[in-house]
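Data first, discussion second: the structure below is written as structure tokens.
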Number of protein chains: 2
Amino acid sequence: MGAVRDVCVIGLGLIGGSVLRAAAAAGRTVWGATESTVDAEAAAAEGYAATTDLAAALRRAADADALVVLAVPLPAVEGVLRAVGEHAPRCLLTDVTSVKGPVLDVVRRCAPDTRFAGGHPMAGTARSGWTAGTATLFTGAAWVVCLEEDTDLDAWREVAVLALDGGAHVVPLAARAHDEVVARISHLPHLLAAVLASVGAYGGPLAAALAAGSFADGTRVAGTRPELVRAMTEGNRTALLPVLDEALGKLGAARGSLASTGGLAATIEAGNNGSRALAGHKAAVRAGVRLDLGAPDARDGLLALGERGGRITSLDGDLLTGEVA
Amino acid sequence: MGAVRDVCVIGLGLIGGSVLRAAAAAGRTVWGATESTVDAEAAAAEGYAATTDLAAALRRAADADALVVLAVPLPAVEGVLRAVGEHAPRCLLTDVTSVKGPVLDVVRRCAPDTRFAGGHPMAGTARSGWTAGTATLFTGAAWVVCLEEDTDLDAWREVAVLALDGGAHVVPLAARAHDEVVARISHLPHLLAAVLASVGAYGGPLAAALAAGSFADGTRVAGTRPELVRAMTEGNRTALLPVLDEALGKLGAARGSLASTGGLAATIEAGNNGSRALAGHKAAVRAGVRLDLGAPDARDGLLALGERGGRITSLDGDLLTGEVA
């Protein structure tokens, strides 16, 4: 695994603050920068090296050959990457943003000489800011670490170690595959919840009085802060559009069938089958797998593992251990 | 309240079996009939008068002037109502079916001389059949008792007492208002969950590996038995179609906006506002209300109460006590 690498986190909100704490808990030297004086002061008060001076934090990262973690909201990524390109142009770099293709594009444009592997720790809470974070936020969570044709495997490994240090398991995926699947399992659910809450609200106090299980479940995430939902859904536009069209097609087919024959069997049975298929995947017995990061086909092996729903659970030098159904 | 009336329940599955038990627990003389020898035998084994002889049960109801409760699935309602029209044509009658307009139509056609007030106890579990029922299934639940222009208020009161005896609170609504609101808060959520589960399942094992909160919540009811979901959604076709069109319109608008400007603010903010408005209705302080069932405007008062999300919580002679925000 080599020497334990220093970690510099840019953005000290819920996710960035949790990465900083988890890396420190794993014995690393850590420091961070944030635009928010509130978050910087809160982190400093807990003894962490936290500043609002982005350039200084990045220059220290360049000097120490630290792993730089971008943990700012998507709209702020480009500005921070310009600073990275200026102050730490060849650093090891990852991010924790919820869409991966758009970030990869900006990295290639603004900080092309960094050794970059994008990431997405799939954990969170309804709260935000430094004070919402914990060192254990990622325990048991999936942490996607992206792998493209041109990703430096050493950079990929450094990010995977950060994720494993934090108690997560690593899912290796291409940015495009990540964005497509999160459109399906996270961004579409948020949009359907918003639509359902809007339609329900037209029912007024009577709807509120009678709403129970199915409505409460279906609208739960409609309570999420709108700016967070906008950032992830609008940021994933390219992948979300075709998934939204799938949903519109299926809902339109249900409407057509109900209006013409009065039947909804196809819609309801497909949903029930889909639900059972996904539960079956989750419950499937998993077998252990081993991969050698030094092997010539390592990249293909990792991507195949991730696309089949597999995960890496530990890493020792070039030897990766994981599991897949 | 008058003498405690006998209760005859037709259909001894989850809901019918629970009505029978709750009425017996409230001190009434009860008996039931079911097509299912399994349910009849299970009920008889617990000491209840249960038969597979529908005609005999209905003749006994006619002799005793009992309240007859139809607790069969929607597709079986018409057949049972023909038997009611033959064997107990002037009985007090209610039902517990999840759509109210279609049942009202069949009653008017097949058993026009019954004194009928439809009902819908909004409680249930994932299980079905006599063995799934309990005397306390309706405790704390809403039980819609329908009130049309021509509903006999004495019949309405008898059904309300049955519901209150079972521990439920009574929501007075016209059949049409009931069907419209359940399309919004129950049937649409089931269809959206089915669509989401179908779209998610295309993501295969990877989708299952990464799916978490928003997807799990949004698809929970897609696991419901398809025949139950079909019965309620297809049975409520008239009310469901316009609600489905509302959802399609909103989802299509989101799609159009994402494709053109890239923005989803309108969709997401409307969902968030809707979610908060409904939570506000639920949390609103409720004031006590009293209604006199003998007053000339009793019908209008009851319907206004129900449509504003209010409820009746007790009944003493002609005096109804309830609450509304």
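Residue numbering restarts at 1 for every chain of the structure tokens, chains are lettered A, B, ... in their displayed order, and ligands are numbered from 1 as they appear.
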
Discussion item. Show me, as a ChimeraX atom specification, the residues that have an atom within 10 Å of A:Val161 when counting only C-alpha atoms, minus same-chain residues fewer than 6 positions from it.
Written reply: /A:1,4-5,155,167-170,314-316

Discussion item. Residues near stretch 52-63 of chain A, anyone? I mean within 12 Å using only C-alpha atoms, not counting same-chain ones fewer than 4 positions away, as a PyMOL selection string.
Written reply: chain A and resi 5-12+29-44+67-70+79-93+114

Worksheet entry | Backbone-only DSSP, alpha helix (DSSP H) members of stretch 167-317 of chain A, as a ChimeraX atom specification | /A:175-182,188-201,204-210,213-219,226-235,237-260,265-283,298-307

Taking C-alpha atoms for each residue, export the selection above as a short mmCIF file (atom, residue, chain, number, x, y, z; two decimals), in the first residue's frame.
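Once written, result01.cif looks like this:
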```cif
data_model
loop_
_atom_site.label_atom_id
_atom_site.label_comp_id
_atom_site.auth_asym_id
_atom_site.auth_seq_id
_atom_site.Cartn_x
_atom_site.Cartn_y
_atom_site.Cartn_z
CA ALA A 175 -18.20 7.78 -14.89
CA ARG A 176 -20.84 7.15 -17.52
CA ALA A 177 -22.03 3.90 -15.89
CA HIS A 178 -22.19 5.66 -12.52
CA ASP A 179 -24.25 8.54 -13.85
CA GLU A 180 -26.66 6.22 -15.64
CA VAL A 181 -27.34 4.06 -12.59
CA VAL A 182 -27.74 6.97 -10.15
CA LEU A 188 -35.62 9.59 -10.92
CA PRO A 189 -36.98 8.66 -7.44
CA HIS A 190 -36.48 12.28 -6.36
CA LEU A 191 -38.39 13.58 -9.39
CA LEU A 192 -41.24 11.09 -8.96
CA ALA A 193 -41.48 12.00 -5.28
CA ALA A 194 -41.71 15.69 -6.23
CA VAL A 195 -44.46 14.99 -8.77
CA LEU A 196 -46.39 12.83 -6.30
CA ALA A 197 -46.14 15.46 -3.56
CA SER A 198 -47.42 18.12 -5.98
CA VAL A 199 -50.35 15.99 -7.12
CA GLY A 200 -51.12 14.99 -3.54
CA ALA A 201 -51.07 18.57 -2.32
CA GLY A 204 -55.56 19.65 0.38
CA PRO A 205 -56.37 18.87 4.03
CA LEU A 206 -58.48 15.85 3.02
CA ALA A 207 -55.51 14.28 1.23
CA ALA A 208 -53.35 14.95 4.29
CA ALA A 209 -55.99 13.36 6.54
CA LEU A 210 -56.23 10.15 4.51
CA GLY A 213 -48.24 4.21 3.84
CA SER A 214 -47.99 4.37 0.07
CA PHE A 215 -48.11 8.16 -0.12
CA ALA A 216 -45.79 8.71 2.84
CA ASP A 217 -43.23 6.31 1.37
CA GLY A 218 -43.54 7.73 -2.14
CA THR A 219 -43.04 11.35 -1.07
CA PRO A 226 -34.48 21.72 -3.16
CA GLU A 227 -30.99 23.07 -3.89
CA LEU A 228 -29.46 19.64 -3.18
CA VAL A 229 -31.96 17.87 -5.42
CA ARG A 230 -31.48 20.44 -8.17
CA ALA A 231 -27.69 20.13 -8.00
CA MET A 232 -27.75 16.37 -8.49
CA THR A 233 -30.56 16.10 -11.03
CA GLU A 234 -29.67 19.13 -13.17
CA GLY A 235 -25.99 18.18 -12.94
CA ARG A 237 -28.94 15.98 -17.21
CA THR A 238 -27.37 13.83 -19.93
CA ALA A 239 -27.91 10.56 -18.09
CA LEU A 240 -31.21 11.57 -16.52
CA LEU A 241 -33.05 12.50 -19.72
CA PRO A 242 -33.27 8.98 -21.20
CA VAL A 243 -34.21 7.51 -17.80
CA LEU A 244 -36.93 10.13 -17.43
CA ASP A 245 -38.15 9.18 -20.89
CA GLU A 246 -38.33 5.52 -19.84
CA ALA A 247 -40.49 6.50 -16.88
CA LEU A 248 -42.69 8.76 -19.02
CA GLY A 249 -43.10 5.97 -21.55
CA LYS A 250 -44.15 3.46 -18.91
CA LEU A 251 -46.51 5.87 -17.18
CA GLY A 252 -47.98 6.91 -20.52
CA ALA A 253 -48.51 3.26 -21.45
CA ALA A 254 -50.34 2.73 -18.16
CA ARG A 255 -52.51 5.75 -18.89
CA GLY A 256 -53.29 4.51 -22.39
CA SER A 257 -54.16 1.05 -21.20
CA LEU A 258 -56.36 2.31 -18.35
CA ALA A 259 -58.20 4.63 -20.74
CA SER A 260 -58.70 2.05 -23.49
CA ALA A 265 -51.88 -5.61 -15.42
CA ALA A 266 -48.78 -4.97 -17.55
CA THR A 267 -47.68 -1.95 -15.49
CA ILE A 268 -48.38 -3.49 -12.11
CA GLU A 269 -46.91 -6.89 -12.88
CA ALA A 270 -43.77 -5.38 -14.42
CA GLY A 271 -43.33 -3.30 -11.27
CA ASN A 272 -43.82 -6.30 -9.03
CA ASN A 273 -41.41 -8.39 -11.11
CA GLY A 274 -38.85 -5.58 -11.08
CA SER A 275 -39.17 -5.24 -7.35
CA ARG A 276 -38.62 -8.97 -6.86
CA ALA A 277 -35.71 -9.08 -9.30
CA LEU A 278 -33.91 -6.30 -7.46
CA ALA A 279 -34.57 -7.94 -4.09
CA GLY A 280 -33.18 -11.17 -5.58
CA HIS A 281 -29.97 -9.41 -6.64
CA LYS A 282 -29.60 -7.95 -3.15
CA ALA A 283 -30.14 -11.30 -1.48
CA ALA A 298 -6.87 -5.18 -14.14
CA ARG A 299 -8.90 -2.28 -15.55
CA ASP A 300 -11.34 -4.58 -17.36
CA GLY A 301 -11.60 -6.85 -14.34
CA LEU A 302 -12.45 -3.97 -12.03
CA LEU A 303 -15.08 -2.52 -14.37
CA ALA A 304 -16.66 -5.93 -14.92
CA LEU A 305 -16.84 -6.42 -11.15
CA GLY A 306 -18.53 -3.06 -10.59
CA GLU A 307 -21.00 -3.46 -13.43
#
```
